[in-house]
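Just protein.txt here, compact mmCIF, N, CA and C atoms:
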# COMPACT_ATOMS: atom_id res chain seq x y z
N MET A 176 14.10 42.67 31.78
CA MET A 176 14.45 41.27 31.97
C MET A 176 13.29 40.37 31.57
N GLU A 177 12.09 40.73 32.01
CA GLU A 177 10.89 39.96 31.67
C GLU A 177 10.67 39.97 30.15
N LYS A 178 10.93 41.08 29.52
CA LYS A 178 10.74 41.21 28.07
C LYS A 178 11.71 40.27 27.33
N ASN A 179 12.95 40.22 27.79
CA ASN A 179 13.94 39.33 27.17
C ASN A 179 13.55 37.87 27.33
N LYS A 180 12.99 37.55 28.47
CA LYS A 180 12.55 36.18 28.73
C LYS A 180 11.41 35.79 27.80
N ASN A 181 10.47 36.70 27.60
CA ASN A 181 9.34 36.45 26.68
C ASN A 181 9.83 36.30 25.24
N LEU A 182 10.79 37.13 24.84
CA LEU A 182 11.34 37.04 23.49
C LEU A 182 12.06 35.70 23.29
N LEU A 183 12.76 35.25 24.32
CA LEU A 183 13.45 33.98 24.24
C LEU A 183 12.46 32.82 24.09
N VAL A 184 11.38 32.86 24.85
CA VAL A 184 10.35 31.83 24.75
C VAL A 184 9.72 31.84 23.36
N ILE A 185 9.41 33.00 22.86
CA ILE A 185 8.82 33.12 21.52
C ILE A 185 9.79 32.58 20.46
N ALA A 186 11.07 32.92 20.59
CA ALA A 186 12.06 32.44 19.63
C ALA A 186 12.16 30.91 19.67
N LEU A 187 12.16 30.34 20.86
CA LEU A 187 12.22 28.88 20.99
C LEU A 187 10.99 28.21 20.40
N VAL A 188 9.83 28.77 20.63
CA VAL A 188 8.59 28.23 20.06
C VAL A 188 8.65 28.28 18.54
N CYS A 189 9.14 29.38 18.00
CA CYS A 189 9.27 29.51 16.53
C CYS A 189 10.24 28.48 15.97
N ILE A 190 11.36 28.26 16.66
CA ILE A 190 12.34 27.29 16.20
C ILE A 190 11.74 25.88 16.21
N VAL A 191 11.05 25.52 17.28
CA VAL A 191 10.42 24.20 17.37
C VAL A 191 9.38 24.04 16.27
N PHE A 192 8.60 25.09 16.01
CA PHE A 192 7.58 25.04 14.96
C PHE A 192 8.22 24.82 13.59
N ILE A 193 9.27 25.56 13.30
CA ILE A 193 9.95 25.45 12.01
C ILE A 193 10.56 24.05 11.85
N LEU A 194 11.17 23.53 12.91
CA LEU A 194 11.74 22.19 12.84
C LEU A 194 10.65 21.13 12.63
N SER A 195 9.51 21.32 13.26
CA SER A 195 8.40 20.38 13.09
C SER A 195 7.90 20.37 11.66
N ILE A 196 7.69 21.55 11.10
CA ILE A 196 7.24 21.66 9.71
C ILE A 196 8.26 21.06 8.76
N SER A 197 9.54 21.33 9.01
CA SER A 197 10.60 20.77 8.16
C SER A 197 10.61 19.25 8.22
N SER A 198 10.40 18.71 9.40
CA SER A 198 10.37 17.25 9.55
C SER A 198 9.22 16.65 8.77
N VAL A 199 8.06 17.27 8.81
CA VAL A 199 6.90 16.77 8.07
C VAL A 199 7.18 16.82 6.57
N ILE A 200 7.75 17.91 6.11
CA ILE A 200 8.05 18.05 4.67
C ILE A 200 9.06 16.99 4.24
N LEU A 201 10.10 16.79 5.02
CA LEU A 201 11.10 15.77 4.67
C LEU A 201 10.49 14.37 4.69
N TYR A 202 9.63 14.10 5.65
CA TYR A 202 8.97 12.80 5.72
C TYR A 202 8.13 12.55 4.47
N LEU A 203 7.35 13.55 4.07
CA LEU A 203 6.51 13.39 2.89
C LEU A 203 7.34 13.20 1.64
N LYS A 204 8.44 13.93 1.52
CA LYS A 204 9.32 13.74 0.36
C LYS A 204 9.92 12.34 0.36
N TYR A 205 10.32 11.85 1.53
CA TYR A 205 10.88 10.52 1.63
C TYR A 205 9.85 9.47 1.23
N GLU A 206 8.61 9.62 1.67
CA GLU A 206 7.56 8.67 1.32
C GLU A 206 7.35 8.63 -0.19
N ASN A 207 7.36 9.79 -0.83
CA ASN A 207 7.18 9.83 -2.28
C ASN A 207 8.35 9.17 -2.99
N LEU A 208 9.58 9.40 -2.51
CA LEU A 208 10.74 8.76 -3.11
C LEU A 208 10.70 7.25 -2.91
N GLU A 209 10.25 6.80 -1.73
CA GLU A 209 10.16 5.38 -1.47
C GLU A 209 9.14 4.71 -2.39
N ASP A 210 7.99 5.37 -2.61
CA ASP A 210 6.99 4.83 -3.53
C ASP A 210 7.55 4.74 -4.94
N LYS A 211 8.29 5.78 -5.37
CA LYS A 211 8.88 5.77 -6.71
C LYS A 211 9.92 4.66 -6.81
N TYR A 212 10.71 4.48 -5.77
CA TYR A 212 11.71 3.42 -5.76
C TYR A 212 11.02 2.06 -5.85
N ASP A 213 9.96 1.86 -5.08
CA ASP A 213 9.22 0.60 -5.13
C ASP A 213 8.67 0.36 -6.52
N ASP A 214 8.10 1.41 -7.15
CA ASP A 214 7.56 1.27 -8.49
C ASP A 214 8.67 0.90 -9.48
N ASP A 215 9.83 1.56 -9.36
CA ASP A 215 10.94 1.27 -10.26
C ASP A 215 11.41 -0.17 -10.10
N ARG A 216 11.48 -0.65 -8.87
CA ARG A 216 11.89 -2.03 -8.62
C ARG A 216 10.91 -3.00 -9.27
N LEU A 217 9.61 -2.71 -9.16
CA LEU A 217 8.61 -3.58 -9.75
C LEU A 217 8.75 -3.60 -11.26
N TYR A 218 8.86 -2.42 -11.87
CA TYR A 218 8.91 -2.35 -13.32
C TYR A 218 10.20 -2.97 -13.87
N ASN A 219 11.29 -2.82 -13.14
CA ASN A 219 12.55 -3.39 -13.60
C ASN A 219 12.57 -4.90 -13.45
N ASN A 220 11.79 -5.45 -12.51
CA ASN A 220 11.72 -6.90 -12.34
C ASN A 220 10.66 -7.54 -13.21
N SER A 221 9.93 -6.75 -13.94
CA SER A 221 8.80 -7.26 -14.70
C SER A 221 9.15 -7.30 -16.18
N ASN A 222 8.78 -8.40 -16.85
CA ASN A 222 9.00 -8.50 -18.29
C ASN A 222 7.88 -7.90 -19.10
N ASN A 223 6.70 -7.71 -18.47
CA ASN A 223 5.60 -7.11 -19.22
C ASN A 223 5.55 -5.62 -18.96
N ASN A 224 4.90 -4.88 -19.82
CA ASN A 224 4.84 -3.43 -19.69
C ASN A 224 3.64 -2.97 -18.90
N SER A 225 2.82 -3.86 -18.44
CA SER A 225 1.61 -3.48 -17.72
C SER A 225 1.81 -3.65 -16.23
N SER A 226 1.57 -2.56 -15.47
CA SER A 226 1.69 -2.66 -14.02
C SER A 226 0.34 -2.95 -13.39
N ASN A 227 -0.74 -2.87 -14.15
CA ASN A 227 -2.07 -3.09 -13.59
C ASN A 227 -2.57 -4.45 -14.05
N ASN A 228 -2.63 -5.38 -13.11
CA ASN A 228 -3.08 -6.73 -13.43
C ASN A 228 -4.44 -6.95 -12.83
N ASP A 229 -5.42 -6.22 -13.32
CA ASP A 229 -6.78 -6.29 -12.80
C ASP A 229 -7.39 -7.63 -13.16
N ILE A 230 -8.04 -8.26 -12.21
CA ILE A 230 -8.63 -9.57 -12.41
C ILE A 230 -9.68 -9.53 -13.53
N ASN A 231 -10.31 -8.38 -13.71
CA ASN A 231 -11.35 -8.26 -14.73
C ASN A 231 -10.78 -8.37 -16.14
N ASN A 232 -9.48 -8.11 -16.29
CA ASN A 232 -8.84 -8.22 -17.59
C ASN A 232 -8.30 -9.63 -17.83
N ASN A 233 -8.51 -10.53 -16.86
CA ASN A 233 -7.98 -11.90 -16.94
C ASN A 233 -6.49 -11.91 -17.23
N ASN A 234 -5.80 -10.93 -16.71
CA ASN A 234 -4.36 -10.82 -16.92
C ASN A 234 -3.65 -11.63 -15.84
N ASP A 235 -3.59 -12.95 -16.03
CA ASP A 235 -3.05 -13.84 -15.02
C ASP A 235 -1.79 -14.54 -15.55
N ASN A 236 -1.05 -13.82 -16.41
CA ASN A 236 0.11 -14.44 -17.04
C ASN A 236 1.40 -14.15 -16.29
N ASN A 237 1.33 -13.84 -15.01
CA ASN A 237 2.53 -13.57 -14.24
C ASN A 237 3.18 -14.84 -13.73
N ASN A 238 2.59 -15.99 -14.03
CA ASN A 238 3.17 -17.26 -13.62
C ASN A 238 4.52 -17.47 -14.30
N ASP A 239 4.75 -16.81 -15.45
CA ASP A 239 6.02 -16.92 -16.15
C ASP A 239 7.18 -16.45 -15.28
N GLN A 240 6.91 -15.56 -14.35
CA GLN A 240 7.95 -15.01 -13.49
C GLN A 240 8.00 -15.73 -12.15
N GLY A 241 7.28 -16.81 -12.01
CA GLY A 241 7.27 -17.55 -10.75
C GLY A 241 6.23 -17.03 -9.77
N TYR A 242 5.39 -16.10 -10.19
CA TYR A 242 4.36 -15.56 -9.31
C TYR A 242 3.17 -16.52 -9.27
N ILE A 243 2.41 -16.45 -8.21
CA ILE A 243 1.28 -17.37 -8.03
C ILE A 243 0.10 -17.03 -8.93
N GLY A 244 -0.01 -15.80 -9.38
CA GLY A 244 -1.08 -15.38 -10.28
C GLY A 244 -2.23 -14.71 -9.53
N ASN A 245 -2.98 -13.91 -10.27
CA ASN A 245 -4.09 -13.15 -9.69
C ASN A 245 -5.14 -14.05 -9.05
N SER A 246 -5.52 -15.11 -9.75
CA SER A 246 -6.58 -16.00 -9.27
C SER A 246 -6.22 -16.65 -7.94
N LYS A 247 -5.00 -17.16 -7.85
CA LYS A 247 -4.56 -17.81 -6.62
C LYS A 247 -4.46 -16.80 -5.48
N ALA A 248 -3.95 -15.60 -5.77
CA ALA A 248 -3.85 -14.56 -4.75
C ALA A 248 -5.24 -14.18 -4.23
N LEU A 249 -6.19 -14.07 -5.15
CA LEU A 249 -7.56 -13.75 -4.75
C LEU A 249 -8.14 -14.88 -3.90
N ASP A 250 -7.90 -16.12 -4.30
CA ASP A 250 -8.39 -17.26 -3.52
C ASP A 250 -7.83 -17.23 -2.09
N ILE A 251 -6.59 -16.84 -1.95
CA ILE A 251 -5.96 -16.77 -0.62
C ILE A 251 -6.65 -15.71 0.24
N ALA A 252 -6.86 -14.52 -0.35
CA ALA A 252 -7.51 -13.44 0.39
C ALA A 252 -8.93 -13.80 0.78
N LEU A 253 -9.69 -14.33 -0.17
CA LEU A 253 -11.08 -14.70 0.11
C LEU A 253 -11.15 -15.87 1.08
N GLY A 254 -10.22 -16.80 0.98
CA GLY A 254 -10.17 -17.93 1.90
C GLY A 254 -9.91 -17.48 3.33
N ASN A 255 -9.17 -16.39 3.47
CA ASN A 255 -8.90 -15.84 4.79
C ASN A 255 -10.19 -15.38 5.47
N LEU A 256 -11.15 -14.94 4.67
CA LEU A 256 -12.45 -14.49 5.20
C LEU A 256 -13.52 -15.57 5.08
N ASN A 257 -13.18 -16.69 4.44
CA ASN A 257 -14.12 -17.78 4.21
C ASN A 257 -15.34 -17.31 3.40
N ILE A 258 -15.06 -16.59 2.30
CA ILE A 258 -16.10 -16.10 1.39
C ILE A 258 -15.72 -16.46 -0.04
N THR A 259 -16.64 -16.22 -0.98
CA THR A 259 -16.37 -16.49 -2.39
C THR A 259 -16.36 -15.19 -3.17
N GLN A 260 -15.94 -15.26 -4.41
CA GLN A 260 -15.89 -14.07 -5.26
C GLN A 260 -17.29 -13.51 -5.50
N ASN A 261 -18.31 -14.36 -5.45
CA ASN A 261 -19.69 -13.89 -5.62
C ASN A 261 -20.16 -13.01 -4.46
N ASP A 262 -19.48 -13.08 -3.33
CA ASP A 262 -19.86 -12.31 -2.14
C ASP A 262 -19.31 -10.89 -2.15
N ILE A 263 -18.38 -10.57 -3.03
CA ILE A 263 -17.67 -9.29 -2.97
C ILE A 263 -18.06 -8.37 -4.12
N ALA A 264 -17.68 -7.09 -3.97
CA ALA A 264 -17.92 -6.09 -5.02
C ALA A 264 -16.67 -5.23 -5.17
N ASP A 265 -16.59 -4.51 -6.28
CA ASP A 265 -15.51 -3.55 -6.56
C ASP A 265 -14.12 -4.15 -6.38
N LEU A 266 -13.88 -5.26 -7.03
CA LEU A 266 -12.61 -5.97 -6.92
C LEU A 266 -11.55 -5.33 -7.81
N SER A 267 -10.35 -5.17 -7.26
CA SER A 267 -9.20 -4.82 -8.08
C SER A 267 -7.98 -5.55 -7.54
N ILE A 268 -7.13 -5.99 -8.47
CA ILE A 268 -5.91 -6.69 -8.12
C ILE A 268 -4.78 -6.06 -8.91
N ASP A 269 -3.75 -5.62 -8.20
CA ASP A 269 -2.59 -5.00 -8.84
C ASP A 269 -1.33 -5.70 -8.38
N LEU A 270 -0.39 -5.86 -9.28
CA LEU A 270 0.93 -6.34 -8.93
C LEU A 270 1.75 -5.12 -8.53
N ASP A 271 2.39 -5.17 -7.37
CA ASP A 271 3.08 -4.00 -6.84
C ASP A 271 4.34 -4.45 -6.13
N TYR A 272 5.17 -3.51 -5.76
CA TYR A 272 6.38 -3.80 -4.99
C TYR A 272 6.26 -3.08 -3.65
N LYS A 273 6.03 -3.84 -2.59
CA LYS A 273 5.88 -3.31 -1.23
C LYS A 273 6.55 -4.27 -0.27
N TYR A 274 6.94 -3.76 0.87
CA TYR A 274 7.52 -4.60 1.93
C TYR A 274 8.71 -5.41 1.42
N ASN A 275 9.49 -4.79 0.54
CA ASN A 275 10.71 -5.39 -0.02
C ASN A 275 10.47 -6.65 -0.85
N THR A 276 9.29 -6.77 -1.42
CA THR A 276 9.00 -7.91 -2.28
C THR A 276 7.88 -7.56 -3.25
N THR A 277 7.66 -8.40 -4.23
CA THR A 277 6.55 -8.21 -5.16
C THR A 277 5.30 -8.80 -4.52
N VAL A 278 4.22 -8.02 -4.55
CA VAL A 278 2.98 -8.44 -3.90
C VAL A 278 1.80 -8.22 -4.83
N TYR A 279 0.75 -8.97 -4.56
CA TYR A 279 -0.55 -8.68 -5.16
C TYR A 279 -1.30 -7.82 -4.15
N GLU A 280 -1.70 -6.63 -4.59
CA GLU A 280 -2.52 -5.75 -3.77
C GLU A 280 -3.97 -5.98 -4.19
N ILE A 281 -4.75 -6.54 -3.30
CA ILE A 281 -6.12 -6.93 -3.60
C ILE A 281 -7.06 -6.06 -2.77
N GLU A 282 -7.99 -5.40 -3.45
CA GLU A 282 -8.97 -4.56 -2.77
C GLU A 282 -10.37 -4.98 -3.20
N PHE A 283 -11.29 -5.03 -2.25
CA PHE A 283 -12.68 -5.34 -2.56
C PHE A 283 -13.57 -4.90 -1.40
N LYS A 284 -14.87 -4.89 -1.67
CA LYS A 284 -15.85 -4.55 -0.65
C LYS A 284 -16.67 -5.78 -0.33
N TYR A 285 -16.94 -5.94 0.97
CA TYR A 285 -17.74 -7.07 1.43
C TYR A 285 -18.43 -6.69 2.74
N ASN A 286 -19.71 -6.89 2.79
CA ASN A 286 -20.48 -6.71 4.01
C ASN A 286 -20.25 -5.34 4.66
N ARG A 287 -20.34 -4.29 3.85
CA ARG A 287 -20.21 -2.89 4.28
C ARG A 287 -18.82 -2.51 4.77
N TYR A 288 -17.82 -3.30 4.42
CA TYR A 288 -16.42 -3.00 4.73
C TYR A 288 -15.61 -3.02 3.45
N GLU A 289 -14.53 -2.26 3.45
CA GLU A 289 -13.56 -2.31 2.36
C GLU A 289 -12.33 -3.05 2.88
N TYR A 290 -11.90 -4.06 2.14
CA TYR A 290 -10.77 -4.89 2.53
C TYR A 290 -9.60 -4.64 1.58
N GLU A 291 -8.41 -4.74 2.13
CA GLU A 291 -7.20 -4.61 1.33
C GLU A 291 -6.21 -5.66 1.83
N TYR A 292 -5.71 -6.46 0.89
CA TYR A 292 -4.75 -7.52 1.21
C TYR A 292 -3.48 -7.31 0.41
N TYR A 293 -2.35 -7.62 1.03
CA TYR A 293 -1.07 -7.67 0.35
C TYR A 293 -0.58 -9.11 0.44
N ILE A 294 -0.57 -9.78 -0.71
CA ILE A 294 -0.20 -11.19 -0.79
C ILE A 294 1.16 -11.31 -1.48
N ASN A 295 2.10 -12.01 -0.85
CA ASN A 295 3.41 -12.22 -1.46
C ASN A 295 3.22 -12.94 -2.80
N ALA A 296 3.73 -12.34 -3.87
CA ALA A 296 3.50 -12.87 -5.22
C ALA A 296 4.23 -14.18 -5.48
N ASN A 297 5.26 -14.48 -4.69
CA ASN A 297 6.02 -15.72 -4.87
C ASN A 297 5.51 -16.85 -3.99
N THR A 298 5.21 -16.54 -2.72
CA THR A 298 4.89 -17.59 -1.75
C THR A 298 3.40 -17.71 -1.45
N GLY A 299 2.63 -16.64 -1.70
CA GLY A 299 1.21 -16.66 -1.37
C GLY A 299 0.92 -16.30 0.08
N ASP A 300 1.94 -15.92 0.83
CA ASP A 300 1.73 -15.52 2.22
C ASP A 300 1.01 -14.17 2.29
N ILE A 301 0.10 -14.04 3.25
CA ILE A 301 -0.56 -12.75 3.49
C ILE A 301 0.41 -11.90 4.30
N LEU A 302 0.88 -10.81 3.71
CA LEU A 302 1.84 -9.95 4.39
C LEU A 302 1.14 -8.93 5.28
N ARG A 303 0.04 -8.37 4.79
CA ARG A 303 -0.75 -7.39 5.56
C ARG A 303 -2.18 -7.45 5.06
N SER A 304 -3.08 -7.09 5.95
CA SER A 304 -4.48 -6.96 5.54
C SER A 304 -5.10 -5.83 6.36
N PHE A 305 -6.02 -5.14 5.72
CA PHE A 305 -6.70 -4.02 6.34
C PHE A 305 -8.19 -4.15 6.12
N LYS A 306 -8.95 -3.69 7.09
CA LYS A 306 -10.40 -3.70 7.00
C LYS A 306 -10.86 -2.32 7.50
N GLU A 307 -11.70 -1.68 6.70
CA GLU A 307 -12.18 -0.36 7.11
C GLU A 307 -13.64 -0.21 6.73
N TRP A 308 -14.38 0.47 7.59
CA TRP A 308 -15.80 0.71 7.37
C TRP A 308 -15.99 1.47 6.08
N ASP A 309 -16.90 1.01 5.24
CA ASP A 309 -17.12 1.66 3.94
C ASP A 309 -18.23 2.66 4.03
Show me this structure written as structure tokens.
Amino acid sequence: MEKNKNLLVIALVCIVFILSISSVILYLKYENLEDKYDDDRLYNNSNNNSSNNDINNNNDNNNDQGYIGNSKALDIALGNLNITQNDIADLSIDLDYKYNTTVYEIEFKYNRYEYEYYINANTGDILRSFKEWD
């Protein structure tokens, strides 16, 4: 009887483990599909063939689509911290599709931290921002 009880416990633990692993795998697959869907939405809404709108390339011609542009998006992010472009390093700005809208993803380093901003490309609203120790 004790042996059957131990086997039952082991079987239940194995089932829970397998279900947990399956859930993680499905979650990761879903995340990858969601990213691909977001990328497809961005590319299908875009008239240009370039998805990387790095500020260093002066690629600020997204105003044709009603977007605020790289420069304005950067000004919004920097204004949130009350700093200037001269204060930051390793700047990159990408046009992306996140949070069900087109956003400027702005990343830079300032004062030993790495910052990441998601700015709504149409309205200029800050949708999310992150700060992490560099």
Worksheet item: In Å, how far is it from CA of Asn255 in chain A to CA of Asn297 in chain A?
Response: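 Result for CA of Asn255 in chain A versus CA of Asn297 in chain A: 17.8 Å, one decimal.
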Fill in: Å distance separating CA of Lys178 in chain A from CA of Ile190 in chain A, one decimal place
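Taking CA of Lys178 in chain A and CA of Ile190 in chain A, their separation equals 18.4 Å.
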Fill in: Interatomic distance (Å, one decimal) between CA of Gln240 in chain A and atom N of Thr259 in chain A
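Distance between the two atoms: 27.6 Å.
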Centre and edge lengths, as JSON, for the axis-aligned box enclosing every listed atom of range 191-201 of chain A with 3 Å of padding on each of the six sides, in Å to one decimal?
{"center_x": 9.3, "center_y": 20.0, "center_z": 10.8, "size_x": 10.8, "size_y": 17.2, "size_z": 19.1}
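Around the coordinate (-15.8, -0.1, 2.4), residues that reach within 10 Å when counting only C-alpha atoms are Ala264, Asp265, Glu282, Phe283, Lys284, Tyr285, Asn286, Arg287, Tyr288, Glu289, Tyr290, Glu291, Lys306, Glu307, Trp308 and Asp309 of chain A.
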